[in-house]
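Novice: As input, take work.cif (mmCIF, C-alpha atoms):
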data_model
#
loop_
_atom_site.label_atom_id
_atom_site.label_comp_id
_atom_site.auth_asym_id
_atom_site.auth_seq_id
_atom_site.Cartn_x
_atom_site.Cartn_y
_atom_site.Cartn_z
CA MET A 30 188.33 83.13 150.28
CA ALA A 31 186.55 79.95 149.22
CA ALA A 32 189.54 77.84 150.12
CA ALA A 33 189.76 79.48 153.52
CA SER A 34 186.08 78.89 154.31
CA HIS A 35 186.10 75.31 153.03
CA PRO A 36 189.44 73.70 153.99
CA LEU A 37 190.48 70.63 152.08
CA ARG A 38 189.94 67.30 153.80
CA LEU A 39 191.71 64.05 153.13
CA PRO A 40 189.60 61.26 151.62
CA ALA A 41 187.88 58.98 154.11
CA VAL A 42 190.01 56.00 153.09
CA ILE A 43 193.15 57.94 154.06
CA ARG A 44 191.70 59.34 157.29
CA ALA A 45 190.27 56.04 158.53
CA PRO A 46 193.50 54.52 159.97
CA PHE A 47 194.09 57.62 162.09
CA GLU A 48 190.55 58.40 163.26
CA ALA A 49 189.66 58.00 166.91
CA ARG A 50 186.65 55.92 165.89
CA THR A 51 188.95 53.31 164.35
CA TRP A 52 191.21 53.10 167.38
CA ARG A 53 188.22 52.84 169.73
CA ALA A 54 186.90 49.94 167.65
CA PHE A 55 190.37 48.35 167.73
CA GLY A 56 190.40 48.65 171.52
CA TYR A 57 186.91 47.16 171.65
CA VAL A 58 188.08 44.06 169.76
CA LEU A 59 191.24 43.68 171.87
CA ILE A 60 189.36 43.93 175.16
CA GLY A 61 186.54 41.76 173.86
CA LEU A 62 188.53 38.55 173.53
CA PRO A 63 189.59 38.08 177.20
CA LEU A 64 186.20 39.28 178.42
CA SER A 65 184.28 36.94 176.10
CA VAL A 66 186.46 33.98 177.09
CA PHE A 67 185.73 34.75 180.74
CA TRP A 68 181.97 35.18 180.11
CA PHE A 69 181.89 31.94 178.14
CA ALA A 70 183.84 29.88 180.66
CA VAL A 71 181.89 31.08 183.68
CA SER A 72 178.50 30.78 181.97
CA VAL A 73 179.12 27.27 180.63
CA SER A 74 180.48 26.11 183.98
CA PHE A 75 177.53 27.33 186.02
CA VAL A 76 174.90 26.32 183.47
CA SER A 77 176.37 22.82 183.41
CA LEU A 78 176.40 22.75 187.19
CA GLY A 79 172.80 23.97 187.40
CA ALA A 80 171.61 21.52 184.75
CA GLY A 81 173.35 18.66 186.55
CA LEU A 82 171.74 19.64 189.85
CA LEU A 83 168.23 19.87 188.45
CA ILE A 84 167.54 16.38 189.76
CA THR A 85 167.66 18.13 193.11
CA PHE A 86 166.20 21.47 194.02
CA LEU A 87 169.65 23.07 194.08
CA GLY A 88 169.72 23.32 190.29
CA VAL A 89 166.96 25.95 190.25
CA PRO A 90 168.78 28.62 192.32
CA VAL A 91 172.06 27.86 190.53
CA LEU A 92 170.44 28.44 187.11
CA ALA A 93 168.62 31.55 188.34
CA GLY A 94 171.86 32.91 189.78
CA THR A 95 173.66 32.12 186.51
CA LEU A 96 171.09 34.08 184.51
CA ALA A 97 171.39 37.01 186.94
CA MET A 98 175.17 36.87 186.55
CA CYS A 99 174.78 36.89 182.75
CA ARG A 100 172.65 40.02 183.05
CA GLY A 101 175.57 41.57 184.92
CA PHE A 102 177.87 40.55 182.06
CA GLY A 103 175.41 42.22 179.71
CA ALA A 104 175.59 45.46 181.67
CA VAL A 105 179.37 45.47 181.24
CA GLU A 106 179.04 44.78 177.51
CA ARG A 107 176.49 47.55 177.03
CA ALA A 108 178.78 49.98 178.84
CA ARG A 109 181.72 48.86 176.71
CA ALA A 110 179.71 49.28 173.50
CA ARG A 111 178.51 52.70 174.66
CA GLY A 112 181.99 53.95 175.47
CA LEU A 113 183.94 52.50 172.54
CA LEU A 114 181.38 52.09 169.74
CA GLY A 115 178.95 54.88 170.56
CA LEU A 116 176.12 52.32 170.68
CA ASP A 117 173.57 53.19 173.35
CA VAL A 118 171.41 50.16 174.12
CA ALA A 119 168.82 50.43 176.85
CA ALA A 120 168.91 47.87 179.63
CA PRO A 121 166.01 45.41 179.78
CA ASP A 122 163.49 45.76 182.55
CA PRO A 123 164.68 44.35 185.88
CA VAL A 124 163.31 41.01 187.00
CA ARG A 125 160.82 41.21 189.85
CA GLY A 126 158.88 38.39 191.42
CA LYS A 127 155.16 38.73 192.00
CA THR A 128 155.46 38.31 195.76
CA GLY A 129 158.95 39.71 196.29
CA GLY A 130 160.26 36.49 197.81
CA ALA A 131 163.29 34.45 196.75
CA PHE A 132 161.26 31.68 195.10
CA SER A 133 159.17 34.20 193.21
CA TRP A 134 162.32 35.94 192.00
CA MET A 135 163.90 32.68 190.84
CA GLY A 136 160.76 31.78 188.92
CA ALA A 137 160.64 35.20 187.28
CA MET A 138 164.33 34.97 186.38
CA LEU A 139 163.91 31.57 184.74
CA LYS A 140 160.89 32.86 182.77
CA SER A 141 162.65 36.04 181.65
CA GLY A 142 163.43 35.97 177.94
CA ALA A 143 165.93 38.82 178.34
CA SER A 144 167.95 36.77 180.84
CA TRP A 145 168.20 33.81 178.46
CA ARG A 146 169.24 36.18 175.65
CA HIS A 147 172.09 37.38 177.88
CA LEU A 148 173.19 33.78 178.35
CA LEU A 149 172.98 33.22 174.58
CA TYR A 150 175.16 36.29 174.05
CA ALA A 151 177.81 34.89 176.43
CA LEU A 152 177.85 31.63 174.45
CA LEU A 153 177.81 33.13 170.94
CA HIS A 154 180.16 36.03 171.42
CA MET A 155 183.22 33.98 172.37
CA PRO A 156 183.78 32.24 168.98
CA TRP A 157 183.03 35.49 167.20
CA ALA A 158 185.46 37.39 169.44
CA VAL A 159 188.19 34.85 168.65
CA PHE A 160 187.59 35.29 164.91
CA SER A 161 187.39 39.10 164.94
CA PHE A 162 190.42 39.37 167.24
CA SER A 163 192.51 37.10 164.98
CA VAL A 164 191.58 38.91 161.76
CA THR A 165 191.99 42.38 163.27
CA VAL A 166 195.33 41.76 164.94
CA ALA A 167 196.70 40.01 161.83
CA LEU A 168 195.68 42.83 159.49
CA TRP A 169 196.77 45.53 161.91
CA SER A 170 200.15 44.07 162.77
CA TRP A 171 201.07 42.95 159.23
CA GLY A 172 199.86 46.22 157.74
CA TRP A 173 201.85 48.52 160.01
CA CYS A 174 204.91 46.24 160.09
CA LEU A 175 205.12 46.02 156.31
CA PHE A 176 204.30 49.71 155.86
CA THR A 177 207.15 50.74 158.16
CA TYR A 178 209.52 47.96 157.00
CA PRO A 179 212.03 50.36 155.37
CA LEU A 180 212.47 52.02 158.77
CA TRP A 181 213.39 48.86 160.69
CA GLN A 182 214.87 46.63 157.98
CA TRP A 183 218.32 47.34 159.44
CA VAL A 184 217.45 45.09 162.39
CA PHE A 185 217.96 41.94 160.27
CA PRO A 186 221.60 42.42 159.15
CA THR A 187 222.54 43.92 162.53
CA TRP A 188 220.95 41.45 164.93
CA VAL A 189 219.63 38.46 162.97
CA GLY A 190 222.48 37.91 160.52
CA GLN A 191 220.40 38.04 157.34
CA ASP A 192 219.70 40.75 154.78
CA GLY A 193 216.00 41.18 155.51
CA ILE A 194 212.67 39.36 155.67
CA GLN A 195 213.15 35.97 153.99
CA LEU A 196 210.47 35.63 151.35
CA TYR A 197 211.71 32.25 150.06
CA GLY A 198 214.50 29.86 150.92
CA ASP A 199 215.75 26.31 150.44
CA ARG A 200 219.12 24.52 150.72
CA THR A 201 220.65 26.27 147.72
CA HIS A 202 218.88 29.59 147.40
CA ALA A 203 217.22 32.25 149.56
CA PHE A 204 215.38 35.43 148.64
CA TYR A 205 215.40 38.37 151.03
CA LEU A 206 213.54 41.69 150.86
CA ASP A 207 216.50 44.05 151.00
CA ALA A 208 216.78 45.93 147.69
CA PRO A 209 215.32 49.47 147.47
CA PHE A 210 212.64 48.38 145.00
CA GLU A 211 211.69 45.43 147.22
CA LEU A 212 211.49 47.70 150.25
CA ALA A 213 209.22 50.09 148.35
CA VAL A 214 206.91 47.28 147.16
CA THR A 215 206.76 45.81 150.67
CA SER A 216 205.90 49.21 152.13
CA LEU A 217 203.24 49.73 149.45
CA ILE A 218 201.61 46.36 150.25
CA GLY A 219 201.67 47.27 153.93
CA PHE A 220 200.08 50.62 153.13
CA VAL A 221 197.24 48.83 151.34
CA PHE A 222 196.72 46.65 154.42
CA VAL A 223 196.75 49.77 156.61
CA LEU A 224 194.05 51.37 154.47
CA VAL A 225 191.90 48.25 154.23
CA GLY A 226 192.24 47.26 157.88
CA PRO A 227 189.93 49.94 159.38
CA TRP A 228 187.10 49.07 156.99
CA VAL A 229 187.42 45.37 157.72
CA LEU A 230 187.48 46.26 161.42
CA ARG A 231 184.31 48.33 161.11
CA GLY A 232 182.61 45.45 159.32
CA LEU A 233 183.58 43.07 162.11
CA VAL A 234 182.47 45.50 164.80
CA SER A 235 179.10 45.92 163.07
CA VAL A 236 178.40 42.28 163.92
CA ASP A 237 179.19 43.07 167.56
CA ARG A 238 176.76 45.96 167.38
CA LEU A 239 174.05 43.61 166.12
CA LEU A 240 174.75 41.09 168.87
CA VAL A 241 174.66 43.74 171.59
CA SER A 242 171.53 45.48 170.34
CA GLY A 243 169.73 42.24 169.48
CA LEU A 244 170.53 40.17 172.58
CA LEU A 245 171.37 42.58 175.40
CA GLY A 246 168.60 45.15 175.00
CA PRO A 247 164.87 45.00 175.69
CA SER A 248 162.76 42.85 173.41
CA ARG A 249 160.81 44.35 170.53
CA LEU A 250 157.59 43.70 172.40
CA ALA A 251 158.85 45.51 175.50
CA SER A 252 160.11 48.42 173.38
CA ARG A 253 156.76 48.58 171.63
CA VAL A 254 154.88 48.61 174.94
CA THR A 255 157.09 51.45 176.18
CA GLU A 256 156.52 53.36 172.96
CA LEU A 257 152.75 52.90 173.19
CA GLU A 258 152.77 54.03 176.83
CA SER A 259 154.67 57.16 175.80
CA ASP A 260 152.27 57.77 172.91
CA ARG A 261 149.31 57.32 175.24
CA GLY A 262 150.78 59.96 177.53
CA VAL A 263 151.16 62.34 174.58
CA VAL A 264 147.54 61.75 173.54
CA VAL A 265 146.28 62.37 177.08
CA ASP A 266 148.36 65.55 177.44
CA THR A 267 147.20 66.79 174.04
CA ALA A 268 143.55 66.13 174.86
CA ALA A 269 143.93 67.93 178.20
CA ALA A 270 145.59 70.90 176.48
CA ASP A 271 142.79 71.05 173.91
CA LEU A 272 140.17 71.02 176.66
CA ARG A 273 141.97 73.84 178.47
CA ARG A 274 142.17 75.82 175.23
CA ILE A 275 138.44 75.35 174.54
CA GLU A 276 137.57 76.34 178.10
CA ARG A 277 139.80 79.43 177.85
CA ASP A 278 138.34 80.44 174.48
CA LEU A 279 134.78 80.05 175.78
CA HIS A 280 135.53 81.95 178.98
CA ASP A 281 137.46 84.80 177.37
CA GLY A 282 135.48 84.98 174.15
CA ALA A 283 131.89 83.91 173.69
CA GLN A 284 131.06 83.79 177.42
CA ALA A 285 132.33 87.34 177.99
CA ARG A 286 130.39 88.62 174.98
CA LEU A 287 127.20 86.88 176.12
CA ALA A 288 127.62 88.42 179.58
CA ALA A 289 128.01 91.86 178.01
CA LEU A 290 124.98 91.12 175.81
CA ALA A 291 122.87 90.29 178.89
CA MET A 292 123.91 93.56 180.54
CA ASP A 293 123.12 95.60 177.43
CA LEU A 294 119.70 93.99 177.09
CA GLY A 295 119.02 94.60 180.80
CA LEU A 296 119.87 98.31 180.40
CA ALA A 297 117.78 98.50 177.24
CA LYS A 298 114.81 96.98 179.09
CA GLU A 299 115.10 99.59 181.86
CA LYS A 300 115.31 102.50 179.38
CA LEU A 301 112.70 101.21 176.97
CA ALA A 302 109.86 103.21 178.51
CA ALA A 303 111.78 106.33 179.58
CA ASP A 304 114.23 106.72 176.66
CA PRO A 305 113.30 104.55 173.65
CA GLN A 306 116.08 106.07 171.50
CA ALA A 307 118.83 105.10 173.98
CA ALA A 308 117.24 101.67 174.35
CA ALA A 309 117.38 101.23 170.59
CA VAL A 310 121.10 102.10 170.60
CA LEU A 311 121.72 99.50 173.31
CA VAL A 312 119.73 96.87 171.39
CA ASP A 313 121.74 97.66 168.26
CA GLU A 314 124.99 97.20 170.21
CA ALA A 315 123.65 93.95 171.64
CA HIS A 316 122.84 92.78 168.12
CA GLY A 317 126.48 93.39 167.15
CA GLU A 318 127.67 91.47 170.19
CA VAL A 319 125.43 88.54 169.18
CA LYS A 320 127.01 88.44 165.73
CA LEU A 321 130.51 88.50 167.16
CA ALA A 322 129.65 85.79 169.71
CA LEU A 323 128.17 83.60 166.97
CA GLN A 324 131.28 84.06 164.84
CA GLU A 325 133.54 83.13 167.74
CA LEU A 326 131.41 80.05 168.46
CA ARG A 327 131.59 79.03 164.81
CA ASP A 328 135.39 79.45 164.83
CA LEU A 329 135.62 77.46 168.05
CA ALA A 330 133.46 74.66 166.63
CA ARG A 331 135.55 74.62 163.47
CA GLY A 332 138.66 74.30 165.62
CA ILE A 333 137.18 71.32 167.47
CA HIS A 334 136.00 69.45 164.39
CA PRO A 335 134.76 71.21 161.26
CA ALA A 336 131.44 70.08 159.85
CA VAL A 337 132.80 70.18 156.29
CA LEU A 338 135.36 67.53 157.22
CA THR A 339 132.67 65.19 158.49
CA ASP A 340 130.34 65.83 155.55
CA ARG A 341 132.70 66.09 152.57
CA GLY A 342 136.12 64.80 153.61
CA LEU A 343 139.69 66.06 153.44
CA ASP A 344 139.56 67.62 149.98
CA ALA A 345 136.81 70.10 150.79
CA ALA A 346 138.02 70.70 154.36
CA LEU A 347 141.59 71.45 153.32
CA SER A 348 140.37 73.68 150.49
CA ALA A 349 138.41 75.67 153.06
CA VAL A 350 141.52 75.99 155.25
CA ALA A 351 143.59 77.05 152.23
CA SER A 352 141.08 79.76 151.35
CA ARG A 353 141.64 81.37 154.77
CA CYS A 354 145.44 81.27 154.49
CA ALA A 355 147.30 84.58 154.08
CA VAL A 356 149.11 83.32 150.95
CA PRO A 357 147.69 81.56 147.89
CA VAL A 358 147.62 77.79 148.46
CA SER A 359 147.17 75.02 145.88
CA VAL A 360 145.52 71.88 147.27
CA ASP A 361 145.79 68.48 145.57
CA VAL A 362 144.09 65.55 147.34
CA ASP A 363 144.31 62.17 145.60
CA LEU A 364 142.78 59.48 147.82
CA PRO A 365 140.93 56.31 146.74
CA ALA A 366 138.70 56.46 149.81
CA ARG A 367 138.31 58.30 153.07
CA PRO A 368 140.49 57.25 156.02
CA VAL A 369 138.98 56.57 159.42
CA PRO A 370 137.74 59.70 161.23
CA ALA A 371 140.61 59.71 163.76
CA ILE A 372 143.31 59.71 161.06
CA GLU A 373 141.32 62.12 158.92
CA GLY A 374 141.03 64.54 161.83
CA ILE A 375 144.76 64.39 162.60
CA ALA A 376 145.56 64.95 158.92
CA TYR A 377 143.24 67.97 158.82
CA PHE A 378 144.60 69.62 161.96
CA THR A 379 148.20 68.89 160.93
CA VAL A 380 147.77 70.66 157.60
CA SER A 381 145.86 73.49 159.30
CA GLU A 382 148.69 74.04 161.78
CA LEU A 383 151.31 73.94 159.03
CA LEU A 384 149.41 76.48 156.93
CA GLN A 385 149.13 78.76 159.98
CA ASN A 386 152.91 78.57 160.30
CA VAL A 387 153.21 79.47 156.61
CA SER A 388 151.00 82.51 157.15
CA ARG A 389 152.80 83.71 160.28
CA HIS A 390 156.46 82.86 159.88
CA SER A 391 157.47 81.78 156.39
CA GLY A 392 157.31 85.05 154.42
CA ALA A 393 156.19 82.92 151.48
CA ARG A 394 154.41 84.09 148.35
CA ARG A 395 152.82 80.73 147.61
CA ALA A 396 152.23 77.34 149.22
CA TRP A 397 151.22 73.87 148.08
CA VAL A 398 149.40 71.05 149.87
CA ASP A 399 149.53 67.48 148.50
CA VAL A 400 147.73 64.51 150.00
CA TRP A 401 148.00 60.98 148.65
CA ARG A 402 148.12 57.35 149.69
CA THR A 403 151.18 55.07 149.38
CA GLU A 404 150.47 51.43 150.27
CA ASP A 405 149.43 51.53 153.94
CA ARG A 406 150.48 55.15 154.61
CA LEU A 407 148.63 58.42 154.22
CA MET A 408 151.09 61.02 152.97
CA LEU A 409 150.78 64.78 153.56
CA GLN A 410 153.16 67.37 152.18
CA VAL A 411 153.06 71.13 152.73
CA ARG A 412 155.54 73.23 150.72
CA ASP A 413 156.18 76.96 150.55
CA ASP A 414 158.68 79.28 148.87
CA GLY A 415 159.45 81.23 152.04
CA VAL A 416 162.67 82.05 153.86
CA GLY A 417 163.14 78.58 155.40
CA GLY A 418 164.92 77.91 158.68
CA ALA A 419 162.09 75.90 160.25
CA GLU A 420 163.14 73.21 162.73
CA ALA A 421 161.21 70.22 164.05
CA ALA A 422 163.15 70.26 167.32
CA GLY A 423 161.41 73.23 168.85
CA GLY A 424 158.32 75.38 168.78
CA GLY A 425 154.98 74.31 167.37
CA LEU A 426 156.48 71.72 165.04
CA ALA A 427 157.78 69.73 168.02
CA GLY A 428 154.29 69.43 169.48
CA LEU A 429 152.91 68.61 166.06
CA SER A 430 155.53 65.88 165.66
CA GLU A 431 154.55 64.39 169.03
CA ARG A 432 150.87 64.40 168.05
CA VAL A 433 151.64 62.68 164.76
CA GLY A 434 153.95 60.20 166.49
CA ALA A 435 151.16 59.24 168.90
CA VAL A 436 149.44 57.37 166.05
CA ASP A 437 152.66 55.84 164.63
CA GLY A 438 153.15 58.71 162.24
CA VAL A 439 156.32 60.52 161.19
CA LEU A 440 156.95 64.23 160.56
CA ALA A 441 160.02 65.29 158.56
CA VAL A 442 161.11 68.89 157.95
CA ASP A 443 163.36 70.04 155.12
CA SER A 444 163.86 73.77 155.51
CA PRO A 445 167.30 75.12 154.59
CA THR A 446 168.06 78.76 155.29
CA GLY A 447 166.72 80.77 152.39
CA GLY A 448 164.04 78.21 151.63
CA PRO A 449 162.06 76.52 150.35
CA THR A 450 160.41 74.62 153.19
CA THR A 451 158.92 71.15 152.77
CA VAL A 452 157.16 69.35 155.62
CA THR A 453 156.25 65.73 154.94
CA VAL A 454 153.96 63.76 157.23
CA GLU A 455 153.26 60.04 157.17
CA LEU A 456 150.19 58.66 158.91
CA PRO A 457 148.91 55.09 159.02
CA TRP A 458 146.20 54.43 156.46
CA ARG A 459 143.04 52.89 157.82
CA ALA A 460 140.06 53.09 155.49
#
Any chance you could put this one into structure tokens?
Specialist:
Amino acid sequence: MAAASHPLRLPAVIRAPFEARTWRAFGYVLIGLPLSVFWFAVSVSFVSLGAGLLITFLGVPVLAGTLAMCRGFGAVERARARGLLGLDVAAPDPVRGKTGGAFSWMGAMLKSGASWRHLLYALLHMPWAVFSFSVTVALWSWGWCLFTYPLWQWVFPTWVGQDGIQLYGDRTHAFYLDAPFELAVTSLIGFVFVLVGPWVLRGLVSVDRLLVSGLLGPSRLASRVTELESDRGVVVDTAAADLRRIERDLHDGAQARLAALAMDLGLAKEKLAADPQAAAVLVDEAHGEVKLALQELRDLARGIHPAVLTDRGLDAALSAVASRCAVPVSVDVDLPARPVPAIEGIAYFTVSELLQNVSRHSGARRAWVDVWRTEDRLMLQVRDDGVGGAEAAGGGLAGLSERVGAVDGVLAVDSPTGGPTTVTVELPWRA
């Protein structure tokens, strides 16, 4: 039964020559050489023409058009890398002039760092493509030819007039690979080349991946700006959701109870003279409503920002959260100082949310919370011995991951089926 559920697989070194990934990479290298020669020739020709014409105004539009053409080459290369290497590189932002005119566009194109990186790719990739093509084709052809040599060795005595591949020869002596042992050794050497070839090919293609991702994609600064814009959107959406939650809790909770309290006190006032006993009952009910409203307001205030966190820090605040958890929780906070209030608040609410998940979904008997600092990172870890199966891709953990990511944090979930579950959070440390 075990063998049926876990079929044997060949080692990776044996599978590599026959995997689709290897053949796609081989096709990438083969196609890359003619394309890179074309990119190189066209780019050098037009750049030389534009540079020579810079003494006149005509050089500016020629150079701008050359850079635009190189961006088109880059689009083809990104598509080729996506289809054959599985490398998805985003396109850089399009070039737009400030005024929308031709001169504005040419100026923006000449100032665009991404456009010059595309030109650099066209110049650098050609010598690399020649090298990778030569090595790949040599290894591939020699490997498969030598490996299959016993199958086509008959071609030499039949059509060439010699016994086999000539390994050595001079005027008096020649050595041919024609004996059974020699055929076996030749095939074995070819087999070694066949096995090594895919790994050499993957190493060569990894350089292509670096060139494509480093030169044909958006710059680090542009990627960082996009990431910060996305994080800002997450922060705004989270703040809006929190405001809606507070408004809903006030409207459905404390506000409704205070309205009922006002009605009860109004009835008690009317009955105070005619029926003091009924008025006393109404006042007693109103007193209960006041207590409940105060408790709901305290819970709401604690959900916004607990006073114990402001006054005593994470250790005391997380201990208070752990005391309200449905399962026993051990809290260990080891920090040299307090982080800034924003990071401290995110750490508090992250652990609170995770402990609520432990109470509701984990089926655990015990949980642990550890907080410590590692260099410039604040580390949080919540563990439980529950049933596991938690996923960061959906549910509350996805929203929690977005909130953590909005401040350059990371949330990782390790929750195999059957447990245990470990959620680790990294936040930037700012004291």
Novice: Can you list, as a list in words, every protein, DNA or RNA residue that comes within 7 Å of Thr451 (chain A) when you count only C-alpha atoms, leaving out same-chain residues fewer than 4 positions away?
Specialist: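 Within the cut-off, the hits are Gln410, Val411, Arg412, Asp413, Val442, Asp443 and Ser444 of chain A.
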Novice: For the file shown, report as a VMD selection string the outcome of the PyMOL selection byres ((chain A and resi 133-143) around 10) at residue level.
Specialist: chain A and resid 89 to 97 100 120 to 132 144 to 149 244 to 248
Novice: If we count all atoms listed in the file and set the cut-off at 12 Å, which residues sit around Ile60 (chain A), ignoring sequence neighbours fewer than 5 positions away in its own chain? Please answer as JSON, numbers by chain.
Specialist: {"A": [53, 54, 55, 65, 66, 67, 105, 106, 109, 110, 113, 158, 159, 161, 162]}
Novice: Residue by residue, what does the PyMOL selection byres ((chain A and resi 374) around 10) grab here? Present the result as a list in words.
Specialist: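 Residues picked by the PyMOL selection byres ((chain A and resi 374) around 10): Ile333, His334, Pro335, Leu338, Thr339, Gly342, Leu343, Pro368, Val369, Pro370, Ala371, Ile372, Glu373, Ile375, Ala376, Tyr377, Phe378 and Thr379 of chain A.
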Novice: Pull the neighbourhood of (147.5, 56.0, 163.8) for me: all residues within 6 Å in file coordinates, counting only C-alpha atoms, as a list in words.
Specialist: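 Within 6 Å of (147.5, 56.0, 163.8), the protein and nucleic acid residues are Val436, Asp437 and Pro457 of chain A.
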Novice: At a cut-off of 10 Å, using only C-alpha atoms, what residues contact Ser381 (chain A)? Leave out same-chain residues fewer than 6 positions from it and give the result as a PyMOL selection string.
Specialist: chain A and resi 332+346-347+349-351+354+375+387
Novice: Would you output that residue set with C-alpha atoms, as a short mmCIF file (atom, residue, chain, number, x, y, z; two decimals), in the coordinates of the input?
Specialist:
data_model
loop_
_atom_site.label_atom_id
_atom_site.label_comp_id
_atom_site.auth_asym_id
_atom_site.auth_seq_id
_atom_site.Cartn_x
_atom_site.Cartn_y
_atom_site.Cartn_z
CA GLY A 332 138.66 74.30 165.62
CA ALA A 346 138.02 70.70 154.36
CA LEU A 347 141.59 71.45 153.32
CA ALA A 349 138.41 75.67 153.06
CA VAL A 350 141.52 75.99 155.25
CA ALA A 351 143.59 77.05 152.23
CA CYS A 354 145.44 81.27 154.49
CA ILE A 375 144.76 64.39 162.60
CA VAL A 387 153.21 79.47 156.61
#
Novice: For Gly103 (chain A), which residue among A:Ser242, A:Gln306, A:Thr85, A:Ser235 is the nearest when counting all atoms listed in the file?
Specialist: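 The closest residue to Gly103 (chain A) is A:Ser242.
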Novice: Looking at all atoms listed in the file, which of A:Val42, A:Val358, A:Met155, A:Leu407 is the one that sits closest to Phe220 (chain A)?
Specialist: A:Val42
Novice: Enter the distance from CA of Leu152 (chain A) to CA of Gly243 (chain A), in Å, rounded to one decimal.
Specialist: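 Calculated distance between CA of Leu152 (chain A) and CA of Gly243 (chain A) is 14.3 Å.
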Novice: Padding of 3 Å on every side, edges along x, y and z, all listed atoms of region 135-141 of chain A included: what centre and edge lengths in Å, to one decimal, does that box have, as lines of an AutoDock Vina configuration file?
Specialist:
center_x = 162.5
center_y = 33.8
center_z = 186.2
size_x = 9.7
size_y = 10.5
size_z = 15.2
Novice: Between CA of Val118 (chain A) and CA of Cys99 (chain A), measure the distance and give it in Å to one decimal.
Specialist: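 CA of Cys99 (chain A) lies 16.2 Å from CA of Val118 (chain A).
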